[in-house]
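**Student:** Handing you a structure now.
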Amino acid sequence: MTEGLPAPSAGLAGARPGPGGTESGGSAPLPLPLPALLAARLWGADALTAGEALGPRARAWRRDARTYPRLAHAPSGISGLTMDPECSQLLPALCAVLADPRQPVADDTCLEKLLDWFKTVTEAGSSLLLLQENPCLVELLCHMLKPQDLSSRVLSFSLRLTGVLAAQEDCFQYLQEDSSLFVASAAGQLLVHILGLSMQGPAGGPPSLQAGDWPACAQKIVGHIEESLRATATPQITQALNVLTTTFGHCHDPWTQVLWVQLSPLVAGLLEKDPIPAAHSLVDLLLSVARSPGLSSSSCGLWETLAQTLSHLSPTQAGPLALGILKLQDCPQALRAQAFAVLLQPLACVLKAMAQDPGPSGVPDGTVGDSMTAGTPLPSKAACVGLLCRSLAHLELLLPLPQRPCPWPQALLLGAAVTLLQLCGGSARPACDMGRHLCTLLLGCVRVQRAALDFLGALSDGTGPRELVTQVFAVLLEYLRSPDSSPTVLKKAFQATFRWLLSSPKTPGCWDLDPHALLFLRDLLPVLQKRLCSPCWEVRDSSLEFLTQMTRHWGGQAGFRHALLASEVPKLTEQLLRDPESYVRASAVTAMGQLSSQGLCVPPASPEHQGGQQKSLLVELLHILSTDSEGFPRRAVMQVFTQWLRDSHADVAGDTEQFVAGVLQVASQDLDWEVRAQGLELALVFLEQTLGQPRSHCPHAVTPPVEAPVGPLAQALQPLCRVRLFDFAFRALFDCDRPVAQKSCDLLLFLRAKTASSSGLQESQSSPDVASVEAALQRWQAGDQAQPLGDLEPEVVLAVLRSLDLEGLRGALAESSDHVEKSPQSLLQDMLATVGVLGENEADCY
Amino acid sequence: MKLYCLSGHPTLPCNVLKFKSTTIMLDCGLDMTSTLNFLPLPLVQSPRLSNLPGWSLKDGNAFLDKELKECSGHVFVDSVPEFCLPETELIDLSTVDVILISNYHCMMALPYITEHTGFSGTVYATEPTVQIGRLLMEELVNFIERVPKAQSASLWKNKDIQRLLPSPLKDAVEVSTWRRCYTMQEVNSALSKIQLVGYSQKIELFGAVQVTPLSSGYALGSSNWIIQSHYEKVSYVSGSSLLTTHPQPMDQASLKNSDVLILTGLTQIPTANPDGMVGEFCSNLALTVRNGGNVLVPCYPSGVIYDLLECLYQYIDSAGLSNIPFYFISPVANSSLEFSQIFAEWLCHNKQTKVYLPEPPFPHAELIQTNKLKHYPSLHGDFSSDFRQPCVVFTGHPSLRFGDVVHFMELWGKSSLNTVIFTEPDFSYLEALAPYQPLAMKCIYCPIDTRLNFIQVSKLLKEVQPLHVVCPEQYTQPPPAQSHRMDLMIDCQPPAMSYRRAEVLALPFKRRYEKIEIMPELADALVPMEIKPGISLATVSAVLHTKDNKHILQPPPRPAQPTGGKKRKRATEDIPDCKVLKPLLSGSIPVEQFVQTLEKNYKVTTIKPKAILRTVNKLVNFCFLED
């Protein structure tokens with residue numbers, strides 16, 4: 001057995017075969033894609049430009065090199081030695097990206113290059129000058145010190161950059177002077193630890209609860225913090241607050257309560273200043289104290305301080321505090337009400353501004369203040385939009401929590417969301433000047449539209465008065481109809497609509513849409529028809545996704561079916577299978593698969609368009625699978641086919657074996673590994689159906705056989721051999737893409753386990769067939785997959801299955817690709833390919 | 001400075017500006033909405049239209065039944081369509097010196113003005129404006145003349161009778177001024193009075209003012225105008241656009257520092273965003289065609305159609321419409337498509353660069369080459385043999401009262417598979433459709449108006465900061481149907497002055513200065529005397545010479561050489577010698593008082609010695625200033 005195949009890890013690590021079976025061997029630095037290889041053969045390698053011959057990964061690298069020319073060439077080029085104006089211009093944007101935890105950051109390589117370049121720059125000139133001319137660098141370094149969800153590599157990059165910069169004395173001094181830089185932060189951290197250590201006491205005994213008896217070191221630190229809190233400079237106060245936040249976050253010993261009692265008057269004193277210094281840090285501290293189990297909040301006046309802070313902070317600053325308070329487990333009802341009022345205030349203002357008669361109804365007491373008008377007579381657009389978006393986001397976060405305020409003002413919030421959407425869409429009818437001003441500020445504001453639609457969708461989990469629900473559907477329809485809805489807004493409108501349709505009341509015992517929803521559907525379908533014809537592909541795509549969701553849920557219901565079949569939607573969807581945009585084609589494939597599963601397909605294309613021949617959807621999808629130039633539609637087809645097989649779809653059930661054989665044959669040739677992986681998924685479904693094993697929940701899990709196959713094993717394995725499932729699976733076992741190989745390995749292990757217990761089949765261990773199959777597999781592993789295995793007998797398959805070291809292979813595959821491909825070059829390729837993937841994904845998020 | 005407002009239509013303006021000694025007409029737009037009151041002129045005999053019942057009064061009196069027909073509850077005038085002309089009585093139009101045209105839509109009344117009012121001046125316009133304007137006029141004349149209609153209704157216009165008619169005829173205004181369409185001869189004569197100008201070209205009018213056209217970004221060759229003298233600047237902003245479509249971008253910088261900015265031609269549909277409307281257009285077009293229906297697009301033969309064709313060029317392949325024929329039917333279709341390709345210098349930068357590739361600037365050339373777009377002068381002839389359905393037809397006139405569109409409305413109106421898509425914003429689509437009701441065909445209204453919206457205007461005004469803004473009254477309040485939309489009006493400080501039809505505005509602006517030149521030899525002869533530190537004065541004795549609105553101070557004539565004789569001698573004694581400072585007619589100048597007056601009236605705080613000459617000039621000029 002051990003002779004059969006080389007050790008899998010060695011085999012896989014040695015020569016990574018290029019597709020198409022070239023003898024690139026270990027010397028080929030990059031596996032060339034098949035078209036490039038063919039071109040190279042036809043025209044000679046010189047005919048290809050470097051970029052063309054290198055393939056997508058290498059092209060991704062080239063793109064990278066173009067994007068960051070200075071970074072790539074800095075060490076060797078003179079131009080990289082100084083910070084030229086172009087780079088200086090780019091630097092703030094780059095720093096912003098690095099500082100934003102939501103932005104996907106290029107991999108470490110880029111950061112390394114960036115660091116290399118900074119090294120070169122600082123070696124060539126003054127670091128101080130660099131910092132002075134590029135304040136964004138200092139800002140970045142300061143930003144890194146804030147407690148936030150930073151990626152570790154950006155943090156590491158920043159620390160190393162700080163080191164590079166601080167290597168020059170004047171620059172070190174400069175950074176030292178900076179109020180909140182690393183020294184301060186490190187000092188802060190240190191203070192917290194020293195305080196914590198000193199308070200543990202020399203002999204481990206509990207420290208005194210009298211502050212006057214504390215160790216001198218602790219007293220000194222507390223004294224320093226007190227002094228900082230009394231300071232006039234905001235950075236000093238910020239530092240003190242940060243130290244305290246960390247302290248209360250880490251130490252929950254009783255002495256912390258003493259500390260808080262001692263310091264809280266000073267903290268409260270900050271609220272008397274105008275403007276309140278370091279408001280964000282103050283909020284963090286108060287929440288940290290409130291969450292600390294070491295403090296008895298009621299006995300140390302914390303609730304009063306929180307209430308006071310809520311009323312002193314600006315609406316924008318108070319939002320996070322209010323949300324934090326509402327998340328607290330035990331908190332006085334009055335404080336919760338006050339915090340909730342802070343969150344509701346902006347929305348209440350909107351409702352008040354739009355109310356026909358003065359005096360808001362349904363608004364909790366004390367909610368309507370002048371947050372929108374505070375300070376200036378009329379706030380700026382940016383302030384108004386920011387406040388509203390934050391308020392909506394906070395409320396949305398609160399919505400699913402068990403400790404959300406009760407009673408929950410569902411009607412008020414629904415009304416506010418609807419009103420906001422009407423204001424942004426221009427359909428609101430304000431009665432007063434404030435309303436008209438609000439209308440002008442919010443008109444066409446995409447940010448508020450998106451936030452309000454998200455919020456409205458989230459509100460669908462609750463109920464609402466009938467007339468308000470009617471308004472919700474009306475405003476959603478308005479957005480779906482409006483030519484001015486941007487693609488992102490439209491997508492969110494579709495999502496919210498779906499959620500509201502899901503939540504619409506159901507007739508007992510019937511899963512169909514309720515009569516109101518059906519009426520809505522009648523208005524909705526013409527809109528959907530038009531959107532399916534939109535010149536904007538994002539719109540077509542969202543529309544198809546929406547249709548798929550709808551069909552999945554209501555495809556079996558008479559009312560929905562009737563309305564859908566009376567519309568042009570199925571026909572238009574079918575036409576979108578030929579859309580020029582691959583994402584749309586993929587969505588159309590999914591939608592058509594769903595429609596077809598529910599029997600909602602129209603006969604494809606009229607005779608005049610198809611030359612008199614009506615193609616079945618199955619043929620059309622097979623055509624896409626074998627000819628579409630993009631991966632997305634092909635992947636979608638494979639998913640549809642898998643689902644069809646699972647559901648025993650009529651088109652498949654007729655001749656399942658022929659269907660599976662055909663699909664596997666096409667999928668095995670596909671260049672996209674996801675298609676091949678999905679082929680294995682389909683093979684697994686077929687295998688389970690054939691062997692009569694109920695499907696396990698995890699497709700990759702190897703489940704021990706629960707019961708034996710119904711019929712004799714050989715008979716059961718025959719269909720698998722006929723559809724050439726083993727040919728496909730063995731080929732996939734040596735796939736150059738790890739997930740495919742893993743999946744195949746799992747499938748074969750599953751099969752082996754399944755057949756292990758069964759008796760009645762004598763496997764032929766040393767027949768010539770087995771030897772030839774093993775020889776073929778060895779060639780495949782070596783990269784030559786040209787030769788097929790031919791017709792396999794169940795006995796031979798079983799013998800080969802047992803001879804393979806599948807467990808060993810699975811173990812090797814489970815390790816990272818770094819392990820498999822050890823060369824640094826390969827490592828670089830992988831990392832750079834990830835950069836490319838990042839870039840693509842970014843572009844796709846419309 | 002006065003403004004005579006001859007048109008009340010904000011996008012089809014016709015104003016006359018009296019400025020210094022010139023009389024300048026700004027645009028002469030023709031309000032064609034009057035044609036909506038008339039029955040359509042079918043190109044092919046329509047039994048439906050010819051058998052409509054005559055209208056009678058409530059009491060059964062049927063004396064108007066020959067002139068007025070009833071159709072689906074509406075009453076229409078059965079006559080050759082007539083247009084509402086600008087006011088011709090408010091000002092004697094023969095006194096107009098020049099007419100400045102801003103774009104081809106705003107010159108459609110030109111033959112009425114130049115041919116029948118005694119006008120003897122010059123018309124200024126850019127070349128594309130004239131060429132495309134000619135096409136529009138040609139098409140209009142052709143549409144109306146090729147369907148001769150014997151009847152001309154006038155009885156209903158009688159004021160006493162009009163009162164008895166149902167709306168909207170009852171409310172039609174200025175019906176007495178409504179006129180039939182001009183003839184091609186009148187068009188040619190009118191166009192012969194046009195002098196072509198280029199952007200930024202300075203044209204002197206009688207030495208008094210200078211006029212300059214600036215790119216307005218709205219259409220091929222469309223212009224805004226600067227009218228300025230040495231000390232005053234009036235800007236005339238007509239249809240302008242900041243969107244990136246085919247024309248050259250709008251020149252905003254040159255509008256800065258205007259004393260008065262006359263603002264007309266804003267978007268007629270401020271709530272419709274052109275991008276969204278183009279999307280609607282494409283979606284509805286594809287939806288109809290995919291269902292086997294035909295699409296009718298009533299349109300002008302130039303303008304937005306170029307952009308629509310460009311959008312469709314990009315869209316049809318992606319929408320799987322490559323096999324659908326697109327027809328463009330107009331007597332001037334061919335010329336319009338070709339003209340658009342030759343005015344490279346008037347196009348946006350992107351299109352200009354294509355010329356050097358060489359590639360036609362507009363992709364409709366490729367549509368024609370690949371047979372996807374076909375154009376015909378009329379539906380008679382080749383079109384009938386090529387015609388294939390389902391298809392998309394672009395044809396005029398957007399009012400649906402004349403042109404080939406009438407035939408297609410009759411042909412396709414009965415089927416709900418077909419769609420008519422209104423893209424031109426000039427006519428109410430419901431009124432345009434009224435004589436075709438009941439209509440089974442789908443109607444989509446996606447007006448594409450690329451002219452400035454109120455947000456853009458507000459930014460523009462902040463940018464160019466005119467002292468005063470003058471605009472049609474419609475722009476100073478929100479549209480009646482959206483009275484809460486305070487954003488749909490002009491918001492500026494001081495508030496804009498508004499005008500309405502037949503109003504004369506005294507512009508809130510007084511001229512205070514006039515430029516006078518001093519001949520070099522006279523200036524040489526001046527001897528400034530310092531009367532206190534930093535202040536010098538010189539007296540000037542000169543002859544003021546005024547010709548072609550230019551004022552020059554010339555040295556007084558030299559005294560004639562004595563030739564003997566007593567009489568001559570006496571004459572020389574009377575003529576003062578320039579070199580000797582003689583007392584002025586006004587008496588001696590009390591310097592302190594003079595300086596104080598200067599400080600008070602002219603805010604002169606530090607008078608430099610060299611400034612003295614200019615100061616004196618101002619004093620002298622003062623006499624010539626007109627109000």
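Residues are referred to by chain and number: the chain letter is A, B, ... according to the order shown in the structure tokens, the number counts from 1 in that chain, and ligands are numbered separately from 1 in the order shown.
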For chain A, work out the contacting residues on chain B at 7 Å, counting only C-alpha atoms, and write them as a list in words.
**Tutor:**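 So the contacting residues turn out to be Asn273, Gly276, Met277, Gly279, Glu280, Cys282, Ser283, Asn284, Ala286, Leu287, Tyr315, Ser318, Ala319, His484, Arg485, Met486 and Asp487 of chain B.
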**Student:** If we count only C-alpha atoms and set the cut-off at 8 Å, which residues sit around stretch 218-221 of chain A, ignoring sequence neighbours fewer than 6 positions away in its own chain? Please answer as a list in words.
**Tutor:**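 Everything that qualifies: Leu191, Ile194, Leu195, Ser198, Met199, Ala211 and Gly212 of chain A.
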**Student:** List as a ChimeraX atom specification the protein and nucleic acid residues near stretch 336-353 of chain B, meaning an atom at most 10 Å away when only C-alpha atoms are counted, but skip any in the same chain fewer than 2 places from it.
**Tutor:** /B:126-128,131-132,135-136,198-199,215,217,219-222,244-250,301-303,305-306,328,330-334,355-365,368,375
**Student:** Could you please determine the separation between atom CA of A:Leu528 and atom CA of A:Asp541 in Å, to one decimal place?
**Tutor:** 11.3 Å
**Student:** Nearest residue to B:Leu93 out of B:Phe119, B:Phe387, B:Tyr445, B:Trp225, using only C-alpha atoms?
**Tutor:**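 Of B:Phe119, B:Phe387, B:Tyr445, B:Trp225, the one nearest B:Leu93, counting only C-alpha atoms, is B:Phe119.
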**Student:** List every residue of stretch 196-254 of chain A that DSSP, applied to the backbone of this structure, assigns to helix (DSSP H, G or I), and report them as an MDAnalysis selection string.
**Tutor:** chainID A and resid 196:199 211:213 216:230 234:250 254
**Student:** Put those residues in a file: C-alpha atoms, as an mmCIF file, in the first residue's frame.
**Tutor:**
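Result saved to again-v4.cif:
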```
data_model
loop_
_atom_site.group_PDB
_atom_site.id
_atom_site.type_symbol
_atom_site.label_atom_id
_atom_site.label_comp_id
_atom_site.auth_asym_id
_atom_site.auth_seq_id
_atom_site.Cartn_x
_atom_site.Cartn_y
_atom_site.Cartn_z
ATOM 1 C CA GLY A 196 -2.891 47.458 40.476
ATOM 2 C CA LEU A 197 0.305 45.837 41.768
ATOM 3 C CA SER A 198 0.827 48.252 44.593
ATOM 4 C CA MET A 199 -2.739 47.788 45.716
ATOM 5 C CA ALA A 211 -7.296 55.927 50.624
ATOM 6 C CA GLY A 212 -5.048 57.572 53.122
ATOM 7 C CA ASP A 213 -3.618 54.192 54.053
ATOM 8 C CA ALA A 216 2.789 55.742 48.813
ATOM 9 C CA CYS A 217 3.213 54.682 45.220
ATOM 10 C CA ALA A 218 -0.544 54.316 44.727
ATOM 11 C CA GLN A 219 -1.196 57.606 46.434
ATOM 12 C CA LYS A 220 1.262 59.289 44.150
ATOM 13 C CA ILE A 221 -0.412 57.875 41.077
ATOM 14 C CA VAL A 222 -3.855 58.871 42.290
ATOM 15 C CA GLY A 223 -2.503 62.295 43.078
ATOM 16 C CA HIS A 224 -1.163 62.584 39.563
ATOM 17 C CA ILE A 225 -4.519 61.572 38.113
ATOM 18 C CA GLU A 226 -6.301 64.096 40.306
ATOM 19 C CA GLU A 227 -3.928 66.762 39.173
ATOM 20 C CA SER A 228 -4.485 65.832 35.532
ATOM 21 C CA LEU A 229 -8.243 65.930 35.976
ATOM 22 C CA ARG A 230 -7.958 69.442 37.326
ATOM 23 C CA THR A 234 -7.689 68.562 27.226
ATOM 24 C CA PRO A 235 -4.909 66.052 26.366
ATOM 25 C CA GLN A 236 -3.927 65.794 30.002
ATOM 26 C CA ILE A 237 -7.524 65.179 31.023
ATOM 27 C CA THR A 238 -7.888 62.612 28.251
ATOM 28 C CA GLN A 239 -4.858 60.745 29.544
ATOM 29 C CA ALA A 240 -6.171 60.691 33.080
ATOM 30 C CA LEU A 241 -9.569 59.479 31.910
ATOM 31 C CA ASN A 242 -7.964 56.765 29.780
ATOM 32 C CA VAL A 243 -5.878 55.543 32.718
ATOM 33 C CA LEU A 244 -9.001 55.363 34.833
ATOM 34 C CA THR A 245 -10.966 53.607 32.090
ATOM 35 C CA THR A 246 -8.295 50.935 31.869
ATOM 36 C CA THR A 247 -8.120 50.645 35.632
ATOM 37 C CA PHE A 248 -11.844 50.096 36.071
ATOM 38 C CA GLY A 249 -11.885 47.775 33.094
ATOM 39 C CA HIS A 250 -9.156 45.536 34.521
ATOM 40 C CA PRO A 254 -13.082 46.674 46.313
#
```
**Student:** Set the distance at 6 Å and use only C-alpha atoms: which residues neighbour stretch 126-136 of chain A once local chain neighbours fewer than 5 positions away are removed? I'd like the list as JSON, numbers by chain.
**Tutor:** {"A": [92, 165, 171]}
**Student:** Go ahead and write the selection's residues with C-alpha atoms as a PDB file, in the first residue's frame.
**Tutor:**
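Ended up saving to part08.pdb:
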```pdb
ATOM      1  CA  PRO A  92      -3.295  61.426   4.301  1.00  0.00           C
ATOM      2  CA  LEU A 165      10.852  57.762  13.544  1.00  0.00           C
ATOM      3  CA  CYS A 171      12.133  63.429  16.419  1.00  0.00           C
TER       4      CYS A 171
END
```
**Student:** For A:Cys331, please output as number ranges by chain all residues within 12 Å (counting only C-alpha atoms; exclusion window: fewer than 4 positions along the same chain).
**Tutor:** A: 287, 290-291, 296-298, 302-304, 306-307, 322, 324-327, 335-339, 403, 405
**Student:** Once you have the residues from the selection above, write them out as a PDB file, in the first residue's frame, restricted to C-alpha atoms.
**Tutor:**
```pdb
ATOM      1  CA  LEU A 287     -19.436  53.116  31.036  1.00  0.00           C
ATOM      2  CA  ALA A 290     -20.828  51.267  35.360  1.00  0.00           C
ATOM      3  CA  ARG A 291     -19.906  47.855  33.954  1.00  0.00           C
ATOM      4  CA  SER A 296     -21.803  49.120  43.802  1.00  0.00           C
ATOM      5  CA  SER A 297     -23.171  51.706  41.439  1.00  0.00           C
ATOM      6  CA  SER A 298     -25.993  52.831  43.631  1.00  0.00           C
ATOM      7  CA  LEU A 302     -22.673  56.760  39.667  1.00  0.00           C
ATOM      8  CA  TRP A 303     -26.273  56.913  38.493  1.00  0.00           C
ATOM      9  CA  GLU A 304     -26.436  60.569  39.386  1.00  0.00           C
ATOM     10  CA  LEU A 306     -24.492  59.360  34.477  1.00  0.00           C
ATOM     11  CA  ALA A 307     -27.758  61.281  34.537  1.00  0.00           C
ATOM     12  CA  ALA A 322     -27.186  56.428  26.241  1.00  0.00           C
ATOM     13  CA  GLY A 324     -24.242  51.949  26.850  1.00  0.00           C
ATOM     14  CA  ILE A 325     -26.593  52.769  29.746  1.00  0.00           C
ATOM     15  CA  LEU A 326     -29.478  50.952  28.082  1.00  0.00           C
ATOM     16  CA  LYS A 327     -27.307  47.874  27.674  1.00  0.00           C
ATOM     17  CA  LEU A 335     -31.913  56.759  34.104  1.00  0.00           C
ATOM     18  CA  ARG A 336     -32.933  54.264  31.440  1.00  0.00           C
ATOM     19  CA  ALA A 337     -35.828  56.496  30.489  1.00  0.00           C
ATOM     20  CA  GLN A 338     -33.492  59.467  30.280  1.00  0.00           C
ATOM     21  CA  ALA A 339     -31.018  57.538  28.130  1.00  0.00           C
ATOM     22  CA  GLN A 403     -33.027  44.596  27.898  1.00  0.00           C
ATOM     23  CA  PRO A 405     -36.772  49.594  26.960  1.00  0.00           C
TER      24      PRO A 405
END
```
**Student:** Could you jot down the atom CA of B:Leu39 to atom CA of B:Asp65 separation for me, Å, one decimal place?
**Tutor:**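 So the two atoms, atom CA of B:Leu39 and atom CA of B:Asp65, lie 13.5 Å apart.
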**Student:** DSSP on the backbone: what in stretch 120-190 of chain B comes out strand (DSSP E or B), as a PyMOL selection string?
**Tutor:** chain B and resi 122-126+178-180
**Student:** Mind giving me the straight-line distance from atom CA of A:Ala167 to atom CA of A:Leu115 in Å, one decimal?
**Tutor:**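 Spanning atom CA of A:Ala167 to atom CA of A:Leu115 is a straight-line distance of 13.9 Å.
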**Student:** Given the choices B:Leu52, B:Val527, B:Ile516, B:Leu400, which gets closest to B:Asp426 if the distance is worked out from only C-alpha atoms?
**Tutor:**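 Using only C-alpha atoms, B:Asp426 sits closest to B:Leu400.
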**Student:** Name all residues at most 10 Å from B:Ile262 (count only C-alpha atoms; drop same-chain ones fewer than 6 positions away) and give them as a list in words.
**Tutor:**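 Near B:Ile262, the qualifying residues are Leu3, Asn15, Leu26, Trp225, Val234, Ser235, Tyr236, Val237, Ser238, Pro466, His468, Val469, Val470, Cys471, Pro472, Ala496, Met497 and Ser498 of chain B.
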**Student:** Compile the contact shell of B:Leu553 as a ChimeraX atom specification: residues with an atom at most 6 Å away, counting only C-alpha atoms, same-chain residues fewer than 6 positions apart removed.
**Tutor:** /B:518,542-544
**Student:** Using only C-alpha atoms, pick whichever of B:Met25, B:Val80, B:Val187, B:Leu57 has the shortest atom-to-atom distance to B:Ser94.
**Tutor:**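 Residue with the minimum atom-to-atom distance to B:Ser94: B:Met25.
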